[in-house]
>>> print(open('query_2.cif').read())   # mmCIF, C-alpha atoms
data_input
#
loop_
_atom_site.label_atom_id
_atom_site.label_comp_id
_atom_site.auth_asym_id
_atom_site.auth_seq_id
_atom_site.Cartn_x
_atom_site.Cartn_y
_atom_site.Cartn_z
CA MET P 18 0.00 0.00 0.00
CA ILE P 19 2.75 2.47 0.94
CA LYS P 20 4.60 1.98 -2.33
CA LYS P 21 1.39 2.70 -4.27
CA ILE P 22 0.71 5.84 -2.23
CA VAL P 23 4.24 7.08 -2.85
CA ASP P 24 3.99 6.34 -6.59
CA ASP P 25 0.83 8.45 -6.76
CA VAL P 26 2.35 11.50 -5.06
CA MET P 27 5.84 11.44 -6.62
CA PRO P 28 5.03 13.96 -9.41
CA GLN P 29 3.63 16.50 -6.95
CA MET P 30 6.47 15.94 -4.48
CA ILE P 31 9.07 16.51 -7.20
CA SER P 32 7.22 19.63 -8.34
CA ASP P 33 7.20 20.98 -4.76
CA ARG P 34 10.88 20.22 -4.37
CA ARG P 35 11.75 22.03 -7.60
CA HIS P 36 9.70 25.06 -6.60
CA LEU P 37 11.55 25.24 -3.29
CA HIS P 38 14.91 24.72 -5.01
CA LYS P 39 14.18 27.56 -7.40
CA HIS P 40 13.27 29.94 -4.56
CA PRO P 41 15.79 29.32 -1.77
CA GLU P 42 16.04 31.52 1.32
CA LEU P 43 18.72 31.86 3.95
CA SER P 44 18.38 30.93 7.62
CA PHE P 45 15.90 33.10 9.56
CA GLU P 46 14.78 34.64 6.24
CA GLU P 47 12.52 31.84 4.95
CA TYR P 48 9.43 34.04 4.59
CA GLN P 49 8.32 33.03 1.06
CA THR P 50 9.11 29.38 1.83
CA THR P 51 6.92 29.57 4.93
CA GLU P 52 4.07 31.18 3.00
CA PHE P 53 4.28 28.50 0.30
CA LEU P 54 4.15 25.71 2.87
CA CYS P 55 1.23 27.31 4.71
CA ARG P 56 -0.75 27.67 1.48
CA GLU P 57 -0.16 24.04 0.57
CA LEU P 58 -1.01 22.77 4.05
CA GLU P 59 -4.23 24.79 4.09
CA ALA P 60 -5.12 23.53 0.61
CA ALA P 61 -4.71 19.99 1.91
CA GLY P 62 -7.43 20.65 4.46
CA ILE P 63 -5.20 20.71 7.53
CA GLU P 64 -6.81 22.95 10.12
CA ASP P 65 -4.23 23.05 12.92
CA ILE P 66 -1.44 25.15 11.40
CA ARG P 67 0.81 27.08 13.78
CA ARG P 68 3.41 29.82 13.35
CA PRO P 69 5.23 29.83 16.71
CA VAL P 70 8.16 31.88 15.35
CA LYS P 71 8.73 34.30 12.45
CA THR P 72 9.65 31.66 9.87
CA GLY P 73 8.92 27.97 9.71
CA VAL P 74 5.56 26.34 10.35
CA VAL P 75 4.11 23.52 12.43
CA ALA P 76 1.12 21.51 11.18
CA VAL P 77 -0.67 19.08 13.47
CA ILE P 78 -2.83 16.29 12.05
CA HIS P 79 -5.19 14.86 14.64
CA GLY P 80 -6.27 11.26 14.21
CA VAL P 81 -9.87 10.45 15.04
CA TYR P 82 -8.82 8.08 17.82
CA PRO P 83 -6.79 8.88 20.95
CA GLY P 84 -3.18 7.78 21.08
CA LYS P 85 0.41 8.95 21.26
CA THR P 86 1.81 12.09 19.66
CA VAL P 87 4.59 11.63 17.12
CA ALA P 88 6.62 14.49 15.62
CA ILE P 89 8.47 14.64 12.31
CA ARG P 90 10.96 17.37 11.53
CA ALA P 91 12.20 18.72 8.18
CA ASP P 92 14.49 21.73 7.78
CA ILE P 93 13.72 24.35 5.12
CA ASP P 94 16.61 26.86 4.88
CA ALA P 95 19.20 27.25 2.13
CA LEU P 96 22.87 28.27 2.00
CA PRO P 97 24.84 31.37 0.88
CA ILE P 98 26.18 29.62 -2.24
CA GLN P 99 26.01 30.63 -5.91
CA GLU P 100 24.56 27.67 -7.80
CA LYS P 101 26.60 26.36 -10.76
CA ASN P 102 24.14 23.78 -12.08
CA GLU P 103 22.30 24.22 -15.36
CA LEU P 104 18.76 23.14 -14.57
CA GLU P 105 15.34 24.52 -15.45
CA PHE P 106 14.68 25.03 -11.76
CA CYS P 107 18.03 26.52 -10.69
CA SER P 108 17.99 29.12 -7.95
CA VAL P 109 16.68 32.52 -9.04
CA ASN P 110 18.02 34.14 -5.86
CA ASP P 111 21.56 35.33 -6.49
CA GLY P 112 24.07 33.85 -4.08
CA VAL P 113 21.54 31.54 -2.39
CA MET P 114 21.15 27.83 -3.09
CA HIS P 115 19.59 24.68 -1.67
CA ALA P 116 22.88 22.77 -1.62
CA CYS P 117 22.10 20.46 1.29
CA GLY P 118 18.80 18.79 0.40
CA HIS P 119 16.53 20.84 2.63
CA ASP P 120 14.23 21.52 -0.33
CA GLY P 121 13.75 17.76 -0.58
CA HIS P 122 13.19 17.42 3.17
CA ALA P 123 10.42 20.02 3.09
CA ALA P 124 8.81 18.47 0.00
CA MET P 125 8.75 15.01 1.60
CA LEU P 126 7.19 16.23 4.84
CA LEU P 127 4.65 18.27 2.88
CA ALA P 128 3.69 15.15 0.91
CA ALA P 129 3.49 13.15 4.14
CA ALA P 130 1.26 15.76 5.80
CA ARG P 131 -1.19 15.63 2.89
CA ILE P 132 -1.31 11.82 3.13
CA PHE P 133 -1.78 11.81 6.91
CA GLU P 134 -4.65 14.26 6.58
CA GLN P 135 -6.31 11.93 4.04
CA HIS P 136 -5.88 8.95 6.38
CA LYS P 137 -6.60 10.62 9.73
CA ASP P 138 -9.73 8.52 10.23
CA GLU P 139 -7.38 5.52 10.56
CA LEU P 140 -4.94 7.10 13.00
CA HIS P 141 -4.75 6.68 16.77
CA GLY P 142 -3.02 9.83 17.97
CA SER P 143 -1.56 12.99 16.44
CA ILE P 144 1.30 13.89 14.11
CA VAL P 145 3.26 17.11 14.59
CA CYS P 146 4.87 18.10 11.28
CA ILE P 147 7.70 20.55 12.00
CA PHE P 148 8.97 22.57 9.04
CA GLN P 149 11.99 24.03 10.78
CA HIS P 150 13.82 27.18 9.83
CA ALA P 151 17.53 27.97 10.24
CA GLU P 152 19.24 24.62 10.61
CA GLU P 153 22.41 25.97 9.01
CA VAL P 154 23.20 28.79 11.46
CA PRO P 155 23.87 28.11 15.17
CA PRO P 156 22.19 28.32 17.61
CA GLY P 157 19.68 27.09 15.01
CA GLY P 158 15.94 27.16 14.56
CA ALA P 159 15.35 23.90 16.43
CA GLN P 160 16.29 25.46 19.76
CA GLU P 161 13.97 28.39 19.06
CA LEU P 162 11.08 26.05 18.29
CA TYR P 163 11.84 23.95 21.36
CA GLU P 164 11.69 27.05 23.53
CA ALA P 165 8.38 27.95 21.85
CA GLY P 166 6.95 24.66 23.12
CA VAL P 167 6.48 22.68 19.92
CA MET P 168 7.75 19.49 21.58
CA GLU P 169 5.40 19.61 24.53
CA GLY P 170 3.42 16.38 24.75
CA VAL P 171 5.43 14.66 21.98
CA ASP P 172 6.12 10.97 22.66
CA GLU P 173 8.44 10.17 19.74
CA LEU P 174 10.43 12.21 17.21
CA TYR P 175 11.61 11.25 13.72
CA GLY P 176 13.89 13.02 11.27
CA LEU P 177 15.87 12.37 8.09
CA HIS P 178 18.54 13.82 5.85
CA LEU P 179 19.06 13.19 2.15
CA SER P 180 22.70 12.28 1.59
CA SER P 181 24.98 12.07 -1.43
CA ASN P 182 27.27 9.86 0.65
CA PHE P 183 25.05 6.80 0.22
CA PRO P 184 23.52 5.19 -2.91
CA THR P 185 19.96 5.97 -3.87
CA GLY P 186 17.66 3.31 -2.48
CA THR P 187 19.59 2.83 0.75
CA TYR P 188 19.08 3.99 4.33
CA GLY P 189 21.97 4.91 6.63
CA VAL P 190 20.92 3.63 10.05
CA ARG P 191 22.72 3.83 13.38
CA ALA P 192 21.61 3.51 17.01
CA GLY P 193 23.30 5.78 19.55
CA ALA P 194 25.42 8.79 18.59
CA LEU P 195 24.88 9.59 14.90
CA THR P 196 26.21 13.13 14.41
CA SER P 197 28.96 15.02 16.17
CA ALA P 198 28.71 17.93 18.56
CA THR P 199 29.88 20.98 16.60
CA ASP P 200 31.73 23.64 18.57
CA ARG P 201 33.69 26.76 17.64
CA PHE P 202 36.83 28.26 19.11
CA ASP P 203 38.32 31.74 18.69
CA ILE P 204 41.88 32.54 19.70
CA ARG P 205 43.37 36.03 19.79
CA VAL P 206 47.17 36.03 20.08
CA ILE P 207 48.32 39.41 21.41
CA GLY P 208 51.94 40.28 20.70
CA LYS P 209 53.86 43.50 20.09
CA GLY P 210 54.08 44.97 16.63
CA GLY P 211 57.17 46.44 15.05
CA HIS P 212 59.43 46.76 12.02
CA SER P 213 60.08 43.58 10.06
CA SER P 214 63.81 44.32 10.03
CA MET P 215 64.02 44.34 13.83
CA PRO P 216 61.95 41.36 15.06
CA GLU P 217 63.89 41.25 18.32
CA GLN P 218 62.07 44.44 19.35
CA SER P 219 58.69 42.81 18.75
CA ILE P 220 56.67 39.87 20.02
CA ASP P 221 55.63 38.23 16.79
CA PRO P 222 52.02 36.96 16.99
CA ILE P 223 52.33 35.25 13.59
CA VAL P 224 55.14 32.95 14.65
CA THR P 225 53.35 32.32 17.94
CA GLY P 226 50.07 31.63 16.15
CA ALA P 227 51.78 29.25 13.72
CA GLU P 228 53.19 27.29 16.65
CA ILE P 229 49.70 27.09 18.13
CA ILE P 230 48.22 25.80 14.86
CA VAL P 231 50.77 23.00 14.64
CA ALA P 232 50.55 22.14 18.33
CA LEU P 233 46.75 21.90 18.26
CA GLN P 234 47.02 18.93 15.91
CA SER P 235 48.90 17.02 18.60
CA ILE P 236 45.70 16.94 20.64
CA LEU P 237 44.19 14.34 18.32
CA SER P 238 47.38 12.36 17.76
CA ARG P 239 48.69 12.34 21.34
CA ARG P 240 45.95 13.24 23.80
CA VAL P 241 42.83 11.57 22.40
CA ALA P 242 42.46 7.79 22.29
CA ALA P 243 42.59 6.27 18.82
CA PHE P 244 39.09 4.78 19.23
CA GLU P 245 37.57 8.16 20.19
CA PRO P 246 36.28 9.93 17.05
CA ALA P 247 37.15 13.63 17.06
CA VAL P 248 38.15 16.38 14.64
CA LEU P 249 39.90 19.71 15.25
CA SER P 250 40.35 22.16 12.38
CA VAL P 251 41.73 25.69 12.25
CA CYS P 252 39.74 27.30 9.43
CA GLN P 253 40.42 31.06 9.62
CA VAL P 254 43.70 32.90 10.20
CA ASN P 255 43.95 36.69 10.14
CA ALA P 256 46.91 39.00 10.80
CA GLY P 257 48.84 41.89 9.34
CA ASP P 258 48.30 44.81 6.99
CA ALA P 259 51.65 45.28 5.26
CA TYR P 260 54.59 43.20 4.00
CA ASN P 261 57.16 44.92 6.23
CA ILE P 262 55.25 45.34 9.51
CA ILE P 263 55.05 42.72 12.23
CA PRO P 264 51.45 43.03 13.41
CA GLY P 265 50.36 43.36 16.99
CA GLU P 266 47.98 40.45 16.99
CA MET P 267 46.70 37.41 15.13
CA THR P 268 43.33 35.67 15.30
CA LEU P 269 42.61 31.98 14.77
CA THR P 270 39.14 30.48 14.38
CA GLY P 271 38.21 26.84 14.03
CA SER P 272 35.90 24.03 14.98
CA THR P 273 35.90 20.81 16.94
CA ARG P 274 33.74 17.73 16.39
CA THR P 275 33.19 15.27 19.23
CA PHE P 276 30.67 12.59 20.21
CA SER P 277 30.68 12.55 24.00
CA GLU P 278 30.06 15.34 26.49
CA GLU P 279 33.21 14.28 28.33
CA MET P 280 35.42 14.71 25.26
CA ARG P 281 33.63 17.92 24.35
CA GLY P 282 34.64 19.42 27.69
CA LYS P 283 38.18 18.05 27.51
CA MET P 284 38.68 19.54 24.05
CA GLU P 285 37.98 23.03 25.34
CA VAL P 286 40.46 22.59 28.21
CA MET P 287 43.21 21.07 26.04
CA ILE P 288 43.03 23.82 23.42
CA GLU P 289 43.37 26.56 26.01
CA GLU P 290 46.25 24.74 27.74
CA ILE P 291 48.22 24.77 24.48
CA VAL P 292 47.38 28.39 23.72
CA SER P 293 48.32 29.47 27.23
CA GLY P 294 51.64 27.61 27.22
CA ILE P 295 52.83 28.77 23.83
CA THR P 296 51.85 32.41 24.27
CA LYS P 297 53.53 32.51 27.69
CA SER P 298 56.75 31.07 26.29
CA ALA P 299 56.73 33.75 23.56
CA GLY P 300 56.04 36.61 25.94
CA ALA P 301 52.64 37.16 24.34
CA SER P 302 49.15 37.04 25.83
CA TYR P 303 45.89 35.68 24.53
CA GLU P 304 42.11 35.72 24.60
CA PHE P 305 40.23 32.45 24.16
CA LYS P 306 36.57 31.71 23.52
CA PHE P 307 34.95 28.30 23.10
CA GLU P 308 31.36 28.40 21.87
CA ARG P 309 29.22 25.30 22.02
CA GLY P 310 27.10 24.68 18.94
CA TYR P 311 24.86 21.71 18.18
CA SER P 312 24.93 18.66 20.39
CA SER P 313 25.13 15.12 19.01
CA VAL P 314 22.03 13.50 17.56
CA ILE P 315 21.46 10.40 19.68
CA ASN P 316 19.25 7.73 18.15
CA ASP P 317 17.11 5.74 20.56
CA LYS P 318 18.02 2.04 20.32
CA GLU P 319 14.46 0.69 20.38
CA LEU P 320 13.10 3.18 17.84
CA THR P 321 16.06 2.65 15.55
CA GLU P 322 15.69 -1.12 15.62
CA ASN P 323 12.01 -0.75 14.78
CA VAL P 324 12.78 1.64 11.92
CA GLU P 325 15.25 -0.87 10.52
CA GLN P 326 12.75 -3.72 10.68
CA GLN P 327 9.98 -1.70 9.02
CA LEU P 328 12.25 -0.57 6.19
CA LYS P 329 13.52 -4.10 5.62
CA LYS P 330 9.93 -5.30 5.23
CA LEU P 331 9.27 -2.58 2.69
CA TRP P 332 12.52 -2.48 0.66
CA GLY P 333 14.51 -5.56 1.65
CA GLU P 334 17.62 -6.33 3.66
CA GLU P 335 19.91 -4.73 1.08
CA SER P 336 18.34 -1.31 1.64
CA ILE P 337 19.86 -0.99 5.13
CA LEU P 338 23.38 0.33 5.68
CA HIS P 339 24.76 0.22 9.22
CA ILE P 340 26.81 3.41 9.19
CA ASN P 341 29.52 4.86 11.39
CA PRO P 342 29.03 8.19 13.20
CA ILE P 343 29.12 11.15 10.82
CA MET P 344 30.98 14.38 11.55
CA PRO P 345 28.54 17.06 10.28
CA GLY P 346 26.41 18.66 12.98
CA GLU P 347 22.61 18.72 13.11
CA ASP P 348 20.39 20.89 15.31
CA PHE P 349 17.72 18.16 15.34
CA SER P 350 19.42 17.36 18.65
CA ALA P 351 17.76 20.39 20.26
CA LEU P 352 14.32 18.88 19.69
CA GLN P 353 15.08 15.46 21.18
CA LYS P 354 15.88 16.59 24.72
CA ASN P 355 12.85 15.04 26.38
CA CYS P 356 11.69 12.24 24.08
CA PRO P 357 13.19 9.30 22.18
CA ALA P 358 14.12 10.02 18.59
CA CYS P 359 15.39 8.41 15.41
CA PHE P 360 17.20 10.18 12.58
CA VAL P 361 17.96 8.35 9.30
CA GLU P 362 20.23 9.15 6.35
CA ILE P 363 18.52 8.73 2.95
CA GLY P 364 20.81 7.88 0.04
CA THR P 365 20.72 10.00 -3.15
CA ALA P 366 24.04 9.17 -4.80
CA ASP P 367 23.91 8.00 -8.42
CA GLU P 368 26.98 8.34 -10.65
CA GLU P 369 24.98 8.27 -13.88
CA LYS P 370 22.75 11.11 -12.67
CA HIS P 371 25.75 13.14 -11.43
CA THR P 372 24.35 13.29 -7.91
CA THR P 373 27.54 12.44 -6.03
CA PHE P 374 28.78 15.99 -5.40
CA PRO P 375 29.18 16.73 -1.69
CA HIS P 376 26.70 18.83 0.22
CA HIS P 377 27.41 22.58 0.47
CA ASN P 378 28.93 22.45 -3.01
CA PRO P 379 27.72 24.78 -5.83
CA ASN P 380 27.41 21.71 -8.11
CA TYR P 381 25.34 19.70 -5.62
CA ARG P 382 22.46 17.86 -7.28
CA MET P 383 19.82 15.62 -5.83
CA ASP P 384 18.65 12.32 -7.26
CA GLU P 385 14.94 12.97 -6.86
CA GLU P 386 14.30 9.23 -6.74
CA GLY P 387 15.64 9.50 -3.20
CA LEU P 388 12.44 11.35 -2.29
CA ARG P 389 10.58 8.07 -2.80
CA TYR P 390 12.60 6.37 -0.09
CA GLY P 391 12.46 9.30 2.31
CA LEU P 392 8.70 9.58 2.09
CA SER P 393 8.39 5.80 2.43
CA TYR P 394 10.31 6.01 5.70
CA LEU P 395 7.98 8.68 7.08
CA LEU P 396 4.85 6.82 6.08
CA VAL P 397 5.89 3.37 7.25
CA MET P 398 6.87 4.71 10.67
CA ILE P 399 3.72 6.75 11.28
CA PHE P 400 1.40 4.02 10.11
CA ASP P 401 3.29 1.51 12.24
CA ARG P 402 3.10 3.69 15.35
CA LEU P 403 -0.36 5.23 15.00
CA ARG P 404 -2.54 2.87 12.99
CA ALA P 405 -4.26 0.05 14.82
#
>>> encode(input="query_2.cif", output="structure tokens")
Amino acid sequence: MIKKIVDDVMPQMISDRRHLHKHPELSFEEYQTTEFLCRELEAAGIEDIRRPVKTGVVAVIHGVYPGKTVAIRADIDALPIQEKNELEFCSVNDGVMHACGHDGHAAMLLAAARIFEQHKDELHGSIVCIFQHAEEVPPGGAQELYEAGVMEGVDELYGLHLSSNFPTGTYGVRAGALTSATDRFDIRVIGKGGHSSMPEQSIDPIVTGAEIIVALQSILSRRVAAFEPAVLSVCQVNAGDAYNIIPGEMTLTGSTRTFSEEMRGKMEVMIEEIVSGITKSAGASYEFKFERGYSSVINDKELTENVEQQLKKLWGEESILHINPIMPGEDFSALQKNCPACFVEIGTADEEKHTTFPHHNPNYRMDEEGLRYGLSYLLVMIFDRLRA
């Protein structure tokens, strides 16, 4: 039955996805996207449509019978990227592109909401469809929605992400920690500027900063266990205004990726220890800031096992990939604070269709056949959990 339902709605779902792809909007600016979703949800006959924050929308479908409340989340924002694809539905907004699949996420949840509304006389309980804004910019829209109370009374939460890392027709499934915690650090090395010909009269922040950059890499190789997944990257370096002037300061900015709260805390301490030691030895000083971003997405073991079994029944054993933790962050974690959750990766990689470019790339393309498998996941789980 589910495969037939999905077949019937594929043309409309693809059309919705292409509309959203053509009209992308940045985080916290998804006004037209929100209006489009509201119009479509109203046209589907859904009466309980909520706007708890400026952008994004929450639609609640109430089954005719009492039961649990299940939430599904899809993100809707785009990225500040100039699209390089040549498609009929390329972005018309200069410098803005759906390069991470969020247009597909929104289209799948919109299709699911229409189907749930048509089948609400069979459902025991309610479905909270969360079209979430601003996933790409910490602290993220999920935290804002959580604080607005959208998760109150929710018993289970489900989410998904289309991924060019896995073949179309497959599901990346993992119980426990799925995504990393994503944190930012900022280091200001304060030296003493001077003439390039007389470095002995200066305290060179560039040399000091370079030593810090190299030393930070020893954290992973010498202070973190080999079985503990972690990443530390320095991604921005700024100093100096002229070729013959030693500047007074240098700034370093980067990110860490960890999977346990213990390692997350240790990373902050270890970075500052290195910065403190090196700057002191150079006669410099420093300022250090460590800003926590998204926490890890933690998949509930029981829900994940059930998801796997339901998908195997629908698409076969070969559709399931047991994946390792993935390093990108995901603010879905902010919604799962008080209820069990399951987040699944949906494969969209197909060499012949040129859909293997990485996410956040101006050439990113989506194999729209992946929408079939994402929607199938949403339907099979809701009907399993809420239909008697």
>>> residues_near_point(input="query_2.cif", point="(22.4, 30.7, -3.1)", cutoff="9 Å", atoms="only C-alpha atoms", output="list in words")
Pro41, Glu42, Leu43, Ala95, Leu96, Pro97, Ile98, Gln99, Glu100, Ser108, Val109, Asn110, Asp111, Gly112, Val113, Met114, His115, Ala116 and Pro379 of chain P
>>> closest_residue(input="query_2.cif", among="P:Met125, P:Val154, P:Ala76, P:Ile223", to="P:Ser44", atoms="only C-alpha atoms")
P:Val154
>>> residues_around(input="query_2.cif", residues="P:Glu368", least_positions_apart="5", cutoff="12 Å", atoms="all atoms listed in the file", output="list in words")
Ser181, Asn182, Phe183, Pro184, Thr185, Thr373, Phe374, Arg382, Met383 and Asp384 of chain P
>>> write_last_selection(input="query_2.cif", atoms="C-alpha atoms", output="CSV table (one decimal), keeping the file's coordinate frame")
chain,number,residue,atom,x,y,z
P,181,SER,CA,25.0,12.1,-1.4
P,182,ASN,CA,27.3,9.9,0.6
P,183,PHE,CA,25.0,6.8,0.2
P,184,PRO,CA,23.5,5.2,-2.9
P,185,THR,CA,20.0,6.0,-3.9
P,373,THR,CA,27.5,12.4,-6.0
P,374,PHE,CA,28.8,16.0,-5.4
P,382,ARG,CA,22.5,17.9,-7.3
P,383,MET,CA,19.8,15.6,-5.8
P,384,ASP,CA,18.6,12.3,-7.3
>>> atom_distance(input="query_2.cif", atom1="atom CA of P:Glu304", atom2="atom CA of P:Ile229")
13.2 Å
>>> residues_around(input="query_2.cif", residues="P:Ile291", least_positions_apart="4", cutoff="9 Å", atoms="all atoms listed in the file", output="PyMOL selection string")
chain P and resi 229+232-233+286-287+295-296
>>> resolve_selection(input="query_2.cif", expression="the PyMOL selection byres ((chain P and resi 92) around 6)", output="ChimeraX atom specification")
/P:91,93,119,148-150
>>> resolve_selection(input="query_2.cif", expression="the PyMOL selection byres ((chain P and resi 402) around 12)", output="list in words")
Gly84, Lys85, Thr86, Val87, Ala88, Glu139, Leu140, His141, Gly142, Ser143, Ile144, Asp172, Glu173, Leu174, Tyr175, Leu320, Asn323, Val324, Gln327, Leu395, Leu396, Val397, Met398, Ile399, Phe400, Asp401, Leu403, Arg404 and Ala405 of chain P
>>> residues_around(input="query_2.cif", residues="P:Met27", least_positions_apart="2", cutoff="9 Å", atoms="only C-alpha atoms", output="JSON, numbers by chain")
{"P": [22, 23, 24, 25, 29, 30, 31, 32, 128, 386, 388, 389]}
>>> resolve_selection(input="query_2.cif", expression="the PyMOL selection byres ((chain P and resi 195) around 10)", output="list of chain:residue names")
P:Gly189, P:Val190, P:Arg191, P:Ala192, P:Gly193, P:Ala194, P:Thr196, P:Ser197, P:Ala198, P:Phe276, P:Ser313, P:Val314, P:Ile315, P:Asn316, P:Ile340, P:Asn341, P:Pro342, P:Ile343, P:Met344, P:Pro345, P:Gly346, P:Glu347, P:Cys359, P:Phe360, P:Val361, P:Glu362
>>> atom_distance(input="query_2.cif", atom1="atom CA of P:Thr225", atom2="atom CA of P:Val206")
7.5 Å
>>> closest_residue(input="query_2.cif", among="P:Ile204, P:Ala124, P:Met284, P:Ile89", to="P:Leu237", atoms="all atoms listed in the file")
P:Met284
>>> decode(input="query_2.cif", residues="stretch 35-42 of chain P", atoms="all heavy atoms", output="mmCIF file, in the first residue's frame")
data_model
loop_
_atom_site.group_PDB
_atom_site.id
_atom_site.type_symbol
_atom_site.label_atom_id
_atom_site.label_comp_id
_atom_site.auth_asym_id
_atom_site.auth_seq_id
_atom_site.Cartn_x
_atom_site.Cartn_y
_atom_site.Cartn_z
ATOM 1 N N ARG P 35 11.151 21.143 -6.598
ATOM 2 C CA ARG P 35 11.752 22.025 -7.595
ATOM 3 C C ARG P 35 11.347 23.485 -7.371
ATOM 4 O O ARG P 35 12.149 24.397 -7.594
ATOM 5 C CB ARG P 35 11.367 21.558 -9.001
ATOM 6 C CG ARG P 35 12.007 20.219 -9.354
ATOM 7 C CD ARG P 35 11.706 19.776 -10.770
ATOM 8 N NE ARG P 35 12.400 18.528 -11.073
ATOM 9 C CZ ARG P 35 12.394 17.925 -12.259
ATOM 10 N NH1 ARG P 35 11.718 18.474 -13.278
ATOM 11 N NH2 ARG P 35 13.059 16.795 -12.435
ATOM 12 N N HIS P 36 10.111 23.693 -6.939
ATOM 13 C CA HIS P 36 9.698 25.057 -6.600
ATOM 14 C C HIS P 36 10.563 25.604 -5.467
ATOM 15 O O HIS P 36 11.054 26.745 -5.533
ATOM 16 C CB HIS P 36 8.221 25.073 -6.189
ATOM 17 C CG HIS P 36 7.790 26.398 -5.629
ATOM 18 N ND1 HIS P 36 7.360 27.436 -6.422
ATOM 19 C CD2 HIS P 36 7.750 26.865 -4.338
ATOM 20 C CE1 HIS P 36 7.068 28.485 -5.662
ATOM 21 N NE2 HIS P 36 7.300 28.152 -4.395
ATOM 22 N N LEU P 37 10.750 24.795 -4.426
ATOM 23 C CA LEU P 37 11.550 25.236 -3.289
ATOM 24 C C LEU P 37 13.016 25.441 -3.694
ATOM 25 O O LEU P 37 13.664 26.377 -3.227
ATOM 26 C CB LEU P 37 11.449 24.213 -2.165
ATOM 27 C CG LEU P 37 10.067 24.112 -1.494
ATOM 28 C CD1 LEU P 37 9.977 22.861 -0.632
ATOM 29 C CD2 LEU P 37 9.781 25.358 -0.667
ATOM 30 N N HIS P 38 13.517 24.575 -4.562
ATOM 31 C CA HIS P 38 14.905 24.719 -5.013
ATOM 32 C C HIS P 38 15.091 26.017 -5.800
ATOM 33 O O HIS P 38 16.134 26.677 -5.682
ATOM 34 C CB HIS P 38 15.310 23.534 -5.887
ATOM 35 C CG HIS P 38 16.775 23.535 -6.215
ATOM 36 N ND1 HIS P 38 17.717 22.963 -5.396
ATOM 37 C CD2 HIS P 38 17.461 24.083 -7.257
ATOM 38 C CE1 HIS P 38 18.921 23.139 -5.910
ATOM 39 N NE2 HIS P 38 18.786 23.814 -7.053
ATOM 40 N N LYS P 39 14.096 26.369 -6.565
ATOM 41 C CA LYS P 39 14.181 27.564 -7.403
ATOM 42 C C LYS P 39 14.108 28.841 -6.577
ATOM 43 O O LYS P 39 14.604 29.888 -6.994
ATOM 44 C CB LYS P 39 13.058 27.534 -8.446
ATOM 45 C CG LYS P 39 13.173 28.594 -9.527
ATOM 46 C CD LYS P 39 12.107 28.393 -10.589
ATOM 47 C CE LYS P 39 12.241 29.404 -11.712
ATOM 48 N NZ LYS P 39 11.239 29.178 -12.784
ATOM 49 N N HIS P 40 13.490 28.749 -5.390
ATOM 50 C CA HIS P 40 13.272 29.939 -4.563
ATOM 51 C C HIS P 40 13.865 29.747 -3.169
ATOM 52 O O HIS P 40 13.143 29.756 -2.166
ATOM 53 C CB HIS P 40 11.774 30.241 -4.474
ATOM 54 C CG HIS P 40 11.112 30.420 -5.800
ATOM 55 N ND1 HIS P 40 11.184 31.593 -6.520
ATOM 56 C CD2 HIS P 40 10.381 29.569 -6.560
ATOM 57 C CE1 HIS P 40 10.522 31.463 -7.654
ATOM 58 N NE2 HIS P 40 10.024 30.244 -7.712
ATOM 59 N N PRO P 41 15.173 29.588 -3.064
ATOM 60 C CA PRO P 41 15.794 29.320 -1.766
ATOM 61 C C PRO P 41 15.885 30.589 -0.916
ATOM 62 O O PRO P 41 15.964 31.707 -1.446
ATOM 63 C CB PRO P 41 17.190 28.831 -2.152
ATOM 64 C CG PRO P 41 17.494 29.593 -3.404
ATOM 65 C CD PRO P 41 16.179 29.686 -4.145
ATOM 66 N N GLU P 42 15.884 30.395 0.394
ATOM 67 C CA GLU P 42 16.038 31.521 1.316
ATOM 68 C C GLU P 42 16.976 31.128 2.451
ATOM 69 O O GLU P 42 16.991 29.985 2.897
ATOM 70 C CB GLU P 42 14.678 31.937 1.880
ATOM 71 C CG GLU P 42 13.741 32.498 0.820
ATOM 72 C CD GLU P 42 12.362 32.803 1.382
ATOM 73 O OE1 GLU P 42 11.660 31.856 1.770
ATOM 74 O OE2 GLU P 42 12.008 33.993 1.448
#
